[in-house]
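What follows is protein_8.tsv (TSV, C-alpha atoms).
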```
chain	number	residue	atom	x	y	z
A	1	MET	CA	90.85	131.36	-1.79
A	2	THR	CA	93.18	132.10	-4.61
A	3	ASN	CA	96.90	132.00	-4.31
A	4	GLY	CA	97.70	132.73	-7.92
A	5	GLY	CA	99.78	130.31	-9.90
A	6	GLY	CA	103.11	130.42	-8.08
A	7	ALA	CA	104.88	128.32	-5.52
A	8	LEU	CA	103.21	127.92	-2.14
A	9	TYR	CA	104.70	127.55	1.30
A	10	VAL	CA	102.72	124.99	3.33
A	11	TYR	CA	102.38	125.45	7.10
A	12	GLY	CA	99.93	122.80	8.10
A	13	VAL	CA	96.68	120.98	7.46
A	14	MET	CA	93.39	121.36	9.28
A	15	SER	CA	89.77	120.49	8.85
A	16	ALA	CA	88.12	122.81	6.31
A	17	ALA	CA	85.29	123.30	8.78
A	18	GLU	CA	87.63	124.87	11.34
A	19	ARG	CA	89.36	127.24	8.98
A	20	GLU	CA	89.53	130.88	10.04
A	21	SER	CA	91.38	133.81	8.57
A	22	LEU	CA	94.64	134.60	10.32
A	23	ALA	CA	95.92	137.97	11.37
A	24	VAL	CA	99.62	137.09	11.30
A	25	ALA	CA	101.79	137.34	8.21
A	26	GLY	CA	103.49	134.29	6.77
A	27	VAL	CA	106.92	133.76	5.25
A	28	GLU	CA	108.22	136.73	3.26
A	29	GLY	CA	105.48	138.73	4.97
A	30	ALA	CA	102.83	137.24	2.68
A	31	GLU	CA	99.19	136.82	3.58
A	32	VAL	CA	98.23	133.32	4.68
A	33	GLY	CA	95.41	131.61	2.83
A	34	THR	CA	94.16	128.09	2.33
A	35	VAL	CA	93.90	125.48	-0.39
A	36	GLU	CA	90.93	123.22	0.20
A	37	GLY	CA	89.89	119.78	-0.87
A	38	HIS	CA	88.41	116.58	0.57
A	39	GLY	CA	87.14	118.42	3.64
A	40	LEU	CA	90.67	119.54	4.46
A	41	ALA	CA	92.34	122.92	4.30
A	42	ALA	CA	96.07	123.43	3.82
A	43	LEU	CA	97.40	126.69	5.25
A	44	THR	CA	99.59	128.27	2.60
A	45	SER	CA	101.14	131.50	1.43
A	46	PRO	CA	102.81	132.44	-1.85
A	47	VAL	CA	106.60	132.31	-2.09
A	48	GLN	CA	108.29	134.67	-4.53
A	49	GLY	CA	111.98	133.87	-4.77
A	50	SER	CA	113.99	130.70	-4.94
A	51	ALA	CA	115.60	131.29	-1.57
A	52	LEU	CA	114.19	131.96	1.85
A	53	ALA	CA	116.10	133.52	4.69
A	54	ALA	CA	115.57	130.52	6.91
A	55	ALA	CA	116.61	132.26	10.06
A	56	ARG	CA	113.78	134.71	9.72
A	57	GLU	CA	111.16	132.48	8.15
A	58	VAL	CA	111.27	129.88	10.87
A	59	ARG	CA	109.75	132.55	13.05
A	60	ALA	CA	106.93	133.16	10.56
A	61	HIS	CA	106.31	129.40	10.36
A	62	TRP	CA	106.05	129.18	14.12
A	63	ARG	CA	103.74	132.20	14.46
A	64	VAL	CA	101.32	131.07	11.79
A	65	LEU	CA	100.95	127.62	13.34
A	66	GLN	CA	100.71	129.03	16.85
A	67	GLU	CA	97.89	131.36	15.86
A	68	ALA	CA	96.05	128.85	13.69
A	69	SER	CA	96.04	126.28	16.46
A	70	GLU	CA	94.63	128.57	19.10
A	71	SER	CA	91.09	127.54	18.31
A	72	ALA	CA	91.52	124.70	15.82
A	73	THR	CA	93.42	121.45	15.48
A	74	VAL	CA	96.25	121.85	12.99
A	75	LEU	CA	98.71	119.24	11.78
A	76	PRO	CA	102.01	121.05	11.32
A	77	VAL	CA	103.93	120.36	8.14
A	78	ARG	CA	107.73	120.21	8.35
A	79	PHE	CA	109.41	123.60	8.20
A	80	GLY	CA	110.52	124.65	4.73
A	81	THR	CA	107.92	122.77	2.70
A	82	VAL	CA	107.08	124.49	-0.59
A	83	LEU	CA	104.97	123.02	-3.38
A	84	ASP	CA	104.71	124.10	-7.01
A	85	ASP	CA	101.27	125.61	-6.92
A	86	GLU	CA	97.71	125.23	-5.69
A	87	GLN	CA	97.17	122.20	-7.88
A	88	ALA	CA	100.19	120.48	-6.37
A	89	VAL	CA	98.86	121.05	-2.87
A	90	ARG	CA	95.62	119.33	-3.85
A	91	ASP	CA	97.15	116.55	-5.94
A	92	HIS	CA	100.15	115.66	-3.81
A	93	LEU	CA	99.16	116.56	-0.28
A	94	LEU	CA	95.40	116.63	0.26
A	95	GLU	CA	94.07	114.07	-2.17
A	96	PRO	CA	96.39	111.12	-1.70
A	97	ASN	CA	96.49	111.56	2.09
A	98	ALA	CA	92.92	112.66	2.75
A	99	GLU	CA	91.92	109.59	4.72
A	100	ARG	CA	95.03	109.46	6.86
A	101	LEU	CA	95.04	113.19	7.55
A	102	THR	CA	91.37	113.22	8.51
A	103	GLU	CA	91.91	110.29	10.84
A	104	LEU	CA	94.93	111.95	12.45
A	105	LEU	CA	93.03	115.21	12.92
A	106	ASP	CA	90.20	113.30	14.58
A	107	ARG	CA	92.58	111.63	16.99
A	108	LEU	CA	94.32	114.88	17.87
A	109	ARG	CA	91.14	116.93	18.20
A	110	GLY	CA	90.78	118.61	21.56
A	111	CYS	CA	94.41	117.95	22.44
A	112	VAL	CA	97.41	120.23	22.68
A	113	GLN	CA	101.10	119.54	22.84
A	114	LEU	CA	102.83	120.45	26.07
A	115	THR	CA	106.58	120.33	26.31
A	116	VAL	CA	108.58	119.62	29.43
A	117	LYS	CA	112.30	120.18	29.20
A	118	GLY	CA	114.81	119.57	31.92
A	119	MET	CA	118.27	121.11	31.92
A	120	TYR	CA	120.98	120.09	34.30
A	121	ASP	CA	122.84	122.77	36.16
A	122	GLU	CA	126.10	122.13	34.38
A	123	GLN	CA	128.46	122.97	37.23
A	124	ALA	CA	126.55	120.91	39.76
A	125	LEU	CA	126.23	118.03	37.34
A	126	LEU	CA	129.92	117.95	36.48
A	127	ALA	CA	130.90	118.14	40.12
A	128	GLU	CA	128.59	115.23	40.87
A	129	VAL	CA	130.03	113.22	37.98
A	130	VAL	CA	133.61	113.79	39.11
A	131	THR	CA	132.99	113.01	42.76
A	132	SER	CA	130.97	109.89	42.05
A	133	SER	CA	133.31	108.32	39.52
A	134	PRO	CA	136.80	107.36	40.74
A	135	SER	CA	138.07	106.71	37.21
A	136	ILE	CA	137.00	110.15	36.02
A	137	ALA	CA	138.41	111.79	39.13
A	138	SER	CA	141.80	110.16	38.70
A	139	LEU	CA	142.10	110.92	34.99
A	140	ARG	CA	141.12	114.49	35.73
A	141	ALA	CA	143.74	114.78	38.45
A	142	ARG	CA	146.41	113.46	36.11
A	143	LEU	CA	145.46	115.84	33.29
A	144	GLN	CA	145.37	118.82	35.59
A	145	SER	CA	149.09	118.54	36.16
A	146	LEU	CA	149.77	118.75	32.42
A	147	PRO	CA	149.87	121.89	30.27
A	148	PRO	CA	146.59	122.63	28.48
A	149	GLN	CA	147.80	121.56	25.03
A	150	ALA	CA	149.19	118.21	26.11
A	151	ALA	CA	147.46	114.85	26.21
A	152	TYR	CA	144.91	115.65	23.55
A	153	TYR	CA	143.56	112.11	23.31
A	154	ASP	CA	143.37	111.71	27.05
A	155	ARG	CA	141.34	114.86	27.19
A	156	ILE	CA	138.95	113.49	24.62
A	157	ARG	CA	138.73	110.30	26.64
A	158	LEU	CA	137.98	112.23	29.80
A	159	GLY	CA	135.25	114.17	28.01
A	160	GLU	CA	133.84	110.99	26.58
A	161	MET	CA	133.69	109.38	30.02
A	162	VAL	CA	131.94	112.44	31.37
A	163	ALA	CA	129.48	112.40	28.48
A	164	GLY	CA	128.82	108.72	29.18
A	165	GLU	CA	128.03	109.43	32.82
A	166	ILE	CA	125.72	112.25	31.80
A	167	ALA	CA	123.97	109.97	29.33
A	168	ARG	CA	123.31	107.42	32.08
A	169	ARG	CA	121.82	110.09	34.30
A	170	ARG	CA	119.79	111.45	31.42
A	171	GLU	CA	118.33	108.05	30.74
A	172	ALA	CA	117.27	107.55	34.34
A	173	ASP	CA	115.87	111.06	34.67
A	174	THR	CA	113.94	110.71	31.41
A	175	ARG	CA	112.40	107.45	32.54
A	176	HIS	CA	111.40	108.95	35.85
A	177	ALA	CA	109.89	112.10	34.32
A	178	LEU	CA	107.83	109.96	31.97
A	179	GLU	CA	106.53	107.88	34.85
A	180	VAL	CA	105.43	110.98	36.72
A	181	LEU	CA	103.85	112.81	33.79
A	182	GLU	CA	102.44	110.18	31.45
A	183	PRO	CA	99.29	109.32	33.44
A	184	SER	CA	97.72	112.68	32.52
A	185	ALA	CA	98.70	112.54	28.85
A	186	GLN	CA	97.22	110.76	25.90
A	187	ALA	CA	100.57	110.17	24.25
A	188	SER	CA	104.18	111.08	24.81
A	189	CYS	CA	107.30	111.50	22.75
A	190	VAL	CA	110.92	111.58	23.87
A	191	GLU	CA	112.71	114.18	21.76
A	192	ASN	CA	116.39	114.01	20.94
A	193	PRO	CA	118.33	115.92	23.54
A	194	SER	CA	118.89	119.39	22.15
A	195	ALA	CA	121.91	120.29	24.22
A	196	ALA	CA	124.70	118.42	25.93
A	197	GLU	CA	123.26	119.43	29.32
A	198	SER	CA	119.75	118.34	28.51
A	199	ALA	CA	118.26	116.10	31.19
A	200	PHE	CA	115.13	115.30	29.22
A	201	ASP	CA	113.10	116.80	26.44
A	202	LEU	CA	109.58	115.42	26.42
A	203	SER	CA	106.52	116.24	24.40
A	204	PHE	CA	103.07	115.25	25.58
A	205	LEU	CA	99.75	115.17	23.85
A	206	VAL	CA	97.31	116.35	26.49
A	207	PRO	CA	93.53	116.73	26.20
A	208	ARG	CA	92.62	120.36	26.88
A	209	ALA	CA	90.41	119.20	29.73
A	210	LYS	CA	93.34	117.49	31.43
A	211	GLN	CA	95.77	120.40	31.30
A	212	THR	CA	95.28	121.28	34.95
A	213	ALA	CA	95.88	117.73	36.10
A	214	PHE	CA	98.96	117.57	33.91
A	215	GLY	CA	100.22	120.86	35.35
A	216	LYS	CA	99.95	119.46	38.86
A	217	ARG	CA	102.13	116.54	37.88
A	218	VAL	CA	104.69	118.91	36.41
A	219	ARG	CA	104.76	120.82	39.65
A	220	ALA	CA	105.30	117.62	41.59
A	221	LEU	CA	108.21	116.75	39.33
A	222	VAL	CA	109.72	120.22	39.68
A	223	GLU	CA	109.55	120.05	43.45
A	224	GLU	CA	111.25	116.72	43.40
A	225	VAL	CA	114.18	117.53	41.13
A	226	GLU	CA	114.66	121.30	41.27
A	227	ASP	CA	117.97	121.19	43.08
A	228	ARG	CA	119.49	119.33	40.13
A	229	ILE	CA	117.36	120.10	37.11
A	230	GLU	CA	115.79	123.28	35.85
A	231	ILE	CA	112.46	122.52	34.22
A	232	ARG	CA	110.85	124.53	31.46
A	233	PHE	CA	107.18	123.82	30.93
A	234	VAL	CA	105.94	125.25	27.69
A	235	GLY	CA	102.73	125.28	25.69
A	236	PRO	CA	100.16	124.85	24.43
A	237	LEU	CA	101.66	124.09	21.04
A	238	PRO	CA	100.23	122.62	17.90
A	239	PRO	CA	100.93	118.88	17.91
A	240	TYR	CA	104.28	119.03	16.13
A	241	SER	CA	105.51	115.80	17.61
A	242	PHE	CA	102.33	113.87	16.98
A	243	ALA	CA	101.61	114.89	13.41
A	244	GLU	CA	103.37	112.08	11.71
A	245	GLY	CA	100.86	109.33	12.18
A	246	ASN	CA	103.42	106.56	12.28
A	247	ARG	CA	103.67	107.07	15.99
A	248	GLU	CA	101.34	105.21	18.24
A	249	ILE	CA	98.72	107.50	19.67
A	250	GLY	CA	97.19	106.15	22.84
A	251	GLY	CA	93.53	105.26	22.98
A	252	ALA	CA	91.17	108.01	24.03
B	1	MET	CA	106.22	137.90	21.93
B	2	ALA	CA	108.57	138.43	24.80
B	3	ILE	CA	110.24	135.50	26.39
B	4	ALA	CA	109.07	135.80	29.93
B	5	THR	CA	110.89	134.24	32.76
B	6	GLN	CA	108.71	131.96	34.73
B	7	PRO	CA	108.28	133.00	38.34
B	8	ARG	CA	109.66	130.36	40.63
B	9	GLY	CA	107.17	127.99	42.10
B	10	TYR	CA	104.57	128.79	39.49
B	11	VAL	CA	104.59	125.84	37.19
B	12	ASP	CA	101.08	124.47	37.22
B	13	ARG	CA	100.44	126.16	33.96
B	14	PRO	CA	102.79	126.12	31.00
B	15	ARG	CA	104.47	129.25	29.81
B	16	PRO	CA	103.45	130.44	26.34
B	17	SER	CA	106.15	129.29	24.01
B	18	GLY	CA	108.90	131.45	22.66
B	19	LEU	CA	110.59	130.40	19.47
B	20	VAL	CA	113.64	129.33	21.42
B	21	ASP	CA	111.55	126.76	23.27
B	22	VAL	CA	110.20	125.07	20.19
B	23	ILE	CA	112.90	125.50	17.59
B	24	ASP	CA	113.95	121.87	17.87
B	25	VAL	CA	110.52	120.41	17.25
B	26	ILE	CA	109.84	122.91	14.48
B	27	LEU	CA	112.92	121.85	12.60
B	28	ASP	CA	112.58	118.18	13.33
B	29	LYS	CA	108.89	117.36	13.43
B	30	GLY	CA	105.77	117.70	11.35
B	31	LEU	CA	104.29	116.06	8.31
B	32	VAL	CA	106.90	115.34	5.70
B	33	ILE	CA	105.93	115.66	2.09
B	34	ASP	CA	107.68	113.58	-0.51
B	35	VAL	CA	110.93	115.17	-1.52
B	36	TYR	CA	110.17	114.74	-5.23
B	37	VAL	CA	107.06	116.84	-4.87
B	38	ARG	CA	108.62	119.64	-2.89
B	39	VAL	CA	110.25	122.65	-4.40
B	40	ALA	CA	113.85	122.87	-3.27
B	41	LEU	CA	114.65	126.21	-1.72
B	42	VAL	CA	118.10	127.44	-0.98
B	43	GLY	CA	118.60	128.41	2.62
B	44	ILE	CA	116.08	126.10	4.20
B	45	GLU	CA	117.70	122.70	3.99
B	46	LEU	CA	120.92	123.94	5.48
B	47	LEU	CA	119.26	125.16	8.61
B	48	THR	CA	117.54	121.84	9.02
B	49	ILE	CA	120.79	119.96	8.71
B	50	ASP	CA	122.62	122.29	11.03
B	51	ALA	CA	120.04	121.63	13.68
B	52	ARG	CA	121.08	118.01	13.85
B	53	ILE	CA	124.24	118.72	15.61
B	54	VAL	CA	125.19	115.70	17.48
B	55	ILE	CA	126.04	115.73	21.10
B	56	ALA	CA	128.57	112.95	20.88
B	57	SER	CA	131.24	114.86	19.05
B	58	VAL	CA	134.91	115.41	19.79
B	59	ASP	CA	134.16	119.09	20.29
B	60	THR	CA	131.73	118.27	23.03
B	61	TYR	CA	134.13	115.85	24.69
B	62	LEU	CA	136.88	118.45	24.71
B	63	ARG	CA	134.51	120.99	26.13
B	64	PHE	CA	133.48	118.63	28.90
B	65	ALA	CA	137.10	117.82	29.64
B	66	GLU	CA	137.92	121.48	29.88
B	67	ALA	CA	134.90	122.20	32.05
B	68	VAL	CA	135.74	119.33	34.35
B	69	ASN	CA	139.32	120.48	34.63
B	70	ARG	CA	138.31	124.00	35.49
B	71	LEU	CA	135.83	122.75	38.00
B	72	ASP	CA	136.48	123.85	41.51
B	73	ILE	CA	134.93	121.00	43.38
B	74	THR	CA	134.89	122.74	46.73
B	75	GLU	CA	133.49	126.04	45.65
B	76	GLN	CA	131.42	126.34	42.53
B	77	GLY	CA	129.32	128.90	40.82
B	78	GLN	CA	131.21	131.42	38.81
B	79	ALA	CA	131.31	129.81	35.42
B	80	GLU	CA	128.39	130.54	33.19
B	81	GLY	CA	125.72	127.90	33.59
B	82	LEU	CA	122.98	126.87	31.27
B	83	PRO	CA	120.25	129.25	32.44
B	84	GLN	CA	122.46	132.26	31.90
B	85	LEU	CA	123.58	130.87	28.59
B	86	MET	CA	120.00	130.50	27.43
B	87	GLU	CA	119.33	134.02	28.54
B	88	SER	CA	122.22	135.44	26.63
B	89	ILE	CA	121.15	133.55	23.56
B	90	THR	CA	117.58	134.77	23.69
B	91	SER	CA	118.64	138.31	24.34
B	92	GLY	CA	120.77	138.20	21.25
B	93	GLY	CA	124.21	138.59	22.76
B	94	ALA	CA	125.25	135.01	22.39
B	95	LYS	CA	128.93	135.39	22.90
B	96	SER	CA	129.71	132.94	25.59
B	97	LYS	CA	132.69	130.88	26.46
B	98	THR	CA	130.51	127.91	27.11
B	99	GLU	CA	129.62	126.45	23.78
B	100	GLY	CA	126.22	124.84	23.85
B	101	ALA	CA	125.72	122.09	21.36
B	102	LEU	CA	123.12	124.06	19.49
B	103	GLU	CA	124.81	127.38	19.70
B	104	GLY	CA	125.62	127.64	16.03
B	105	VAL	CA	122.04	127.18	15.00
B	106	LYS	CA	120.62	129.41	17.64
B	107	GLU	CA	123.00	132.15	16.78
B	108	LYS	CA	121.85	131.87	13.24
B	109	ILE	CA	118.23	132.07	14.16
B	110	PHE	CA	118.33	134.69	16.80
B	111	GLY	CA	121.12	136.67	15.28
B	112	SER	CA	124.14	137.73	17.16
B	113	GLY	CA	124.04	141.31	18.13
B	114	ASP	CA	121.58	142.67	15.62
B	115	ASP	CA	118.07	143.62	16.64
B	116	GLU	CA	117.02	140.70	18.65
B	117	ASP	CA	113.48	139.90	17.92
B	118	GLU	CA	111.11	140.41	15.08
B	119	ASP	CA	112.73	142.50	12.47
B	120	ASP	CA	116.12	141.36	11.35
B	121	ASP	CA	115.89	141.25	7.61
B	122	GLY	CA	118.15	138.27	7.28
B	123	SER	CA	119.54	139.52	4.03
B	124	SER	CA	123.07	139.65	5.33
B	125	ARG	CA	122.79	136.06	6.37
B	126	ARG	CA	121.19	134.94	3.20
B	127	SER	CA	124.42	134.95	1.34
B	128	SER	CA	126.19	132.98	4.02
B	129	SER	CA	123.63	130.23	3.90
B	130	LYS	CA	123.61	130.15	0.15
B	131	ARG	CA	125.73	127.10	-0.08
B	132	ARG	CA	124.27	124.33	-2.17
B	133	SER	CA	122.06	122.03	-0.29
B	134	SER	CA	123.31	118.97	-2.08
B	135	SER	CA	124.76	117.71	1.18
B	136	ARG	CA	121.31	116.95	2.51
B	137	SER	CA	121.94	113.28	2.67
B	138	SER	CA	124.60	113.75	5.29
B	139	SER	CA	121.92	114.51	7.83
B	140	SER	CA	121.40	110.87	8.55
B	141	GLY	CA	124.90	109.68	9.00
B	142	ASP	CA	128.46	110.50	9.71
B	143	GLY	CA	128.68	113.93	8.18
B	144	ARG	CA	127.55	115.30	11.45
B	145	SER	CA	130.55	116.86	12.93
B	146	SER	CA	131.32	118.45	9.60
B	147	SER	CA	127.87	119.96	9.49
B	148	LYS	CA	128.59	121.37	12.88
B	149	LYS	CA	131.70	123.01	11.56
B	150	ARG	CA	129.69	124.38	8.73
B	151	SER	CA	127.17	125.89	11.04
B	152	ARG	CA	129.85	127.50	13.13
B	153	SER	CA	131.56	129.11	10.21
B	154	GLY	CA	128.27	130.04	8.64
B	155	SER	CA	127.05	131.91	11.66
B	156	SER	CA	127.95	135.52	11.80
B	157	ARG	CA	130.83	135.95	14.14
```

Structure encoded using C-alpha cells:
Amino acid sequence: MTNGGGALYVYGVMSAAERESLAVAGVEGAEVGTVEGHGLAALTSPVQGSALAAAREVRAHWRVLQEASESATVLPVRFGTVLDDEQAVRDHLLEPNAERLTELLDRLRGCVQLTVKGMYDEQALLAEVVTSSPSIASLRARLQSLPPQAAYYDRIRLGEMVAGEIARRREADTRHALEVLEPSAQASCVENPSAAESAFDLSFLVPRAKQTAFGKRVRALVEEVEDRIEIRFVGPLPPYSFAEGNREIGGA
Amino acid sequence: MAIATQPRGYVDRPRPSGLVDVIDVILDKGLVIDVYVRVALVGIELLTIDARIVIASVDTYLRFAEAVNRLDITEQGQAEGLPQLMESITSGGAKSKTEGALEGVKEKIFGSGDDEDEDDDGSSRRSSSKRRSSSRSSSSGDGRSSSKKRSRSGSSR
C-alpha cells in the first residue's frame, strides 16, 4: 500500500493478518490504506492541508474505526493523530511498540466495547435533592424571595450544594451499576461524567460470546432504576477505552 | 447512520452507536502517540480541549441554582429534560434554555441549524477554530472554565 510521501492521519492499529480494504472514506474524504510492519497494520489516510475541520473529521474517524472493527480487532489511536509520512508510522509507531501492541491486540481479540450510560431525569433528580436535604431546601426558600440578580454568591453556593448531592448519588449509582454488570465483562472502565446530569458512564470489554449474558444484566439494571435513570446501551464499539495498555485488563 | 430511538423495554441488545454516543470516548481515549512525533494540526487540538469541560464550574452551579429555584416541587414536567435536550442536539436544533455541560462541543460537532448529518463542509467553522493551539497545556489544570468560555464563543450562535 502506498500513501505517497505526505503526512498521514492514523486511525488505529490492527494485526496485518486481519487487514481488509474499507469502503468508507477517511478524513478529508481520502481513501483509507495501511502501513505495515512487524506483523501490524496501521490504518492511515493522506492529509493534505495543515488544518482539519475537526467537527467534520471526528465523524470520519469514528466511521473508519467502526467499519474496520466489524470483523477485526482494532486498537483505536487518539483522534487527531497525524504523522509525517509512511516512514514515521513505521519508525515511531509500529516498530518501537510492536511487542506491546501485539500483546494488547491478543488480549482484546474476540472482545468488543459496550457502553452503558445512565442519565438522571433532571427535574426528578432536582426535586429529590431539594426534598431530601433540609439545608438545600432552606437556602432555596430564602433565595426565592429575592430578585433574580441578588445574592450571587448564595446562588453559587446553592448550586454547589446541589452539585455535591448529585455527585454523591452518582457515586452510589456508579458503584451499583458496576456490581450488576461487571460479572459478564472482562474489564470495565468508569468514564468521566460527560454531562452534569450523568448518573454513570461505563465502558465494558465484553467477549463477543458473552454479549447476550451482558445484555440480560443491562436489562435487569434498567428495570431496577428506570424510574430515576434513563439508560443508553450502545455498541459494539472498537475498544477505545481499553486501547491504552496501562489499564489492567482482567484475566481471560 | 440514523440515530434510532430505542424502543422501550428492548435493551437486551445494544443499539448501534451514533456519533453522539461515543464522542466522549473518541476525544478522550485511544493510543496516544508521542507529541514530538505527531504533526500539529490546527483545528484538532482545540476540539479536544473543549471536550474537557468540567462539570464543577460556576456556570454549572448557577444553572443548578436557577433550575432548583424554578422547580415546582408539587407539579413537575414542563421544563426541558435531558432526553429532549439530547434529541434537540442530535437533530441539529440545539437551541435550548437548559445548558448541558457539553453543549458547546456538541454544537460544534453537530452544527447548529445547518444540515444535520453527513455533509456539512465545516469550512465556515474552520476559521472560528483557527485559534492557535498553544493553550494545549491548559487541558490538565485550571484553565478549564476559560476553555469552556472559548468553546461557547467559538460555536456558531

**Request:** Within 6 Å of chain B, which residues of chain A are there when counting only C-alpha atoms? Please give them as an MDAnalysis selection string.
**Result:** chainID A and resid 50:55 76:80 82:83 122 127 155:156 158:160 195:196 215:216 219 233:235 240:241 243:244

Could you save those same residues with C-alpha atoms as a PDB file, keeping the file's coordinate frame?
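The resulting file, again_11.pdb, is reproduced below:
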```
ATOM      1  CA  SER A  50     113.990 130.700  -4.940  1.00  0.00           C
ATOM      2  CA  ALA A  51     115.600 131.290  -1.570  1.00  0.00           C
ATOM      3  CA  LEU A  52     114.190 131.960   1.850  1.00  0.00           C
ATOM      4  CA  ALA A  53     116.100 133.520   4.690  1.00  0.00           C
ATOM      5  CA  ALA A  54     115.570 130.520   6.910  1.00  0.00           C
ATOM      6  CA  ALA A  55     116.610 132.260  10.060  1.00  0.00           C
ATOM      7  CA  PRO A  76     102.010 121.050  11.320  1.00  0.00           C
ATOM      8  CA  VAL A  77     103.930 120.360   8.140  1.00  0.00           C
ATOM      9  CA  ARG A  78     107.730 120.210   8.350  1.00  0.00           C
ATOM     10  CA  PHE A  79     109.410 123.600   8.200  1.00  0.00           C
ATOM     11  CA  GLY A  80     110.520 124.650   4.730  1.00  0.00           C
ATOM     12  CA  VAL A  82     107.080 124.490  -0.590  1.00  0.00           C
ATOM     13  CA  LEU A  83     104.970 123.020  -3.380  1.00  0.00           C
ATOM     14  CA  GLU A 122     126.100 122.130  34.380  1.00  0.00           C
ATOM     15  CA  ALA A 127     130.900 118.140  40.120  1.00  0.00           C
ATOM     16  CA  ARG A 155     141.340 114.860  27.190  1.00  0.00           C
ATOM     17  CA  ILE A 156     138.950 113.490  24.620  1.00  0.00           C
ATOM     18  CA  LEU A 158     137.980 112.230  29.800  1.00  0.00           C
ATOM     19  CA  GLY A 159     135.250 114.170  28.010  1.00  0.00           C
ATOM     20  CA  GLU A 160     133.840 110.990  26.580  1.00  0.00           C
ATOM     21  CA  ALA A 195     121.910 120.290  24.220  1.00  0.00           C
ATOM     22  CA  ALA A 196     124.700 118.420  25.930  1.00  0.00           C
ATOM     23  CA  GLY A 215     100.220 120.860  35.350  1.00  0.00           C
ATOM     24  CA  LYS A 216      99.950 119.460  38.860  1.00  0.00           C
ATOM     25  CA  ARG A 219     104.760 120.820  39.650  1.00  0.00           C
ATOM     26  CA  PHE A 233     107.180 123.820  30.930  1.00  0.00           C
ATOM     27  CA  VAL A 234     105.940 125.250  27.690  1.00  0.00           C
ATOM     28  CA  GLY A 235     102.730 125.280  25.690  1.00  0.00           C
ATOM     29  CA  TYR A 240     104.280 119.030  16.130  1.00  0.00           C
ATOM     30  CA  SER A 241     105.510 115.800  17.610  1.00  0.00           C
ATOM     31  CA  ALA A 243     101.610 114.890  13.410  1.00  0.00           C
ATOM     32  CA  GLU A 244     103.370 112.080  11.710  1.00  0.00           C
TER      33      GLU A 244
END
```

**Message:** Here is a test: counting only C-alpha atoms, which residue of A:Glu36, A:Asp121, A:Glu20, A:Asp106 is nearest to Ala88 in chain A?
**Reply:** A:Glu36

**Request:** Work out how far CA of Gly33 in chain A is from CA of Leu94 in chain A, in Å to one decimal.
**Result:**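 CA of Gly33 in chain A lies 15.2 Å from CA of Leu94 in chain A.
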
**Message:** One number please: CA of Thr44 in chain A to CA of Val64 in chain A, in Å, one decimal.
**Reply:**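 It comes out at 9.8 Å.
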
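For the pair CA of Gln113 in chain A and CA of Arg19 in chain A, the separation is 19.7 Å.
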
**Item:** Glu226 in chain A environment, 10 Å, all atoms listed in the file, sequence neighbours closer than 5 positions dropped, as a ChimeraX atom specification
**Value:** /A:118,120-121,221,231

**Request:** Would you list the residues near (107.8, 140.0, 5.3), meaning any protein, DNA or RNA residue with an atom at most 9 Å from that point in file coordinates, counting all atoms listed in the file, as a list of chain:residue names?
**Result:**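 Checking each residue against the 9 Å limit leaves A:Ala25, A:Gly26, A:Val27, A:Glu28, A:Gly29, A:Ala30, A:Glu57, A:Ala60, B:Asp121.
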
**Request:** Show which residues sit within 10 Å of Leu65 in chain A, as a list in words. Count all atoms listed in the file, and ignore same-chain residues fewer than 6 positions away.
**Result:**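 Skipping anything fewer than 6 positions along the chain leaves Tyr11, Gly12, Val13, Leu22, Val24, Gly26, Leu43, Thr73, Val74, Leu75, Pro76, Val77, Leu237, Pro238, Pro239 and Tyr240 of chain A.
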
**Prompt:** Hey, what's within 7 Å of Phe204 in chain A if we count all atoms listed in the file and toss same-chain stuff fewer than 6 positions away? As a ChimeraX atom specification, please?
**Reply:** /A:113-115,185,187-189

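Proximity to Asp173 in chain A at 10 Å, evaluated using only C-alpha atoms and with sequence-adjacent residues fewer than 2 positions away removed, yields Gly118, Ala167, Arg168, Arg169, Arg170, Glu171, Arg175, His176, Ala177, Leu178, Glu179, Ala199, Phe200, Val225 and Ile229 of chain A.
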
Taking C-alpha atoms for each residue, export the selection above as a CSV table (one decimal), in the coordinates of the input.
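Result went into selection-v6.csv, see below:
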```csv
chain,number,residue,atom,x,y,z
A,118,GLY,CA,114.8,119.6,31.9
A,167,ALA,CA,124.0,110.0,29.3
A,168,ARG,CA,123.3,107.4,32.1
A,169,ARG,CA,121.8,110.1,34.3
A,170,ARG,CA,119.8,111.4,31.4
A,171,GLU,CA,118.3,108.0,30.7
A,175,ARG,CA,112.4,107.4,32.5
A,176,HIS,CA,111.4,109.0,35.8
A,177,ALA,CA,109.9,112.1,34.3
A,178,LEU,CA,107.8,110.0,32.0
A,179,GLU,CA,106.5,107.9,34.8
A,199,ALA,CA,118.3,116.1,31.2
A,200,PHE,CA,115.1,115.3,29.2
A,225,VAL,CA,114.2,117.5,41.1
A,229,ILE,CA,117.4,120.1,37.1
```

Which centre and edge lengths in Å to one decimal define the box along x, y and z that fits every listed atom of range 23-33 of chain B plus 5 Å per side, as JSON?
```
{"center_x": 109.1, "center_y": 120.4, "center_z": 10.0, "size_x": 19.7, "size_y": 20.2, "size_z": 25.8}
```
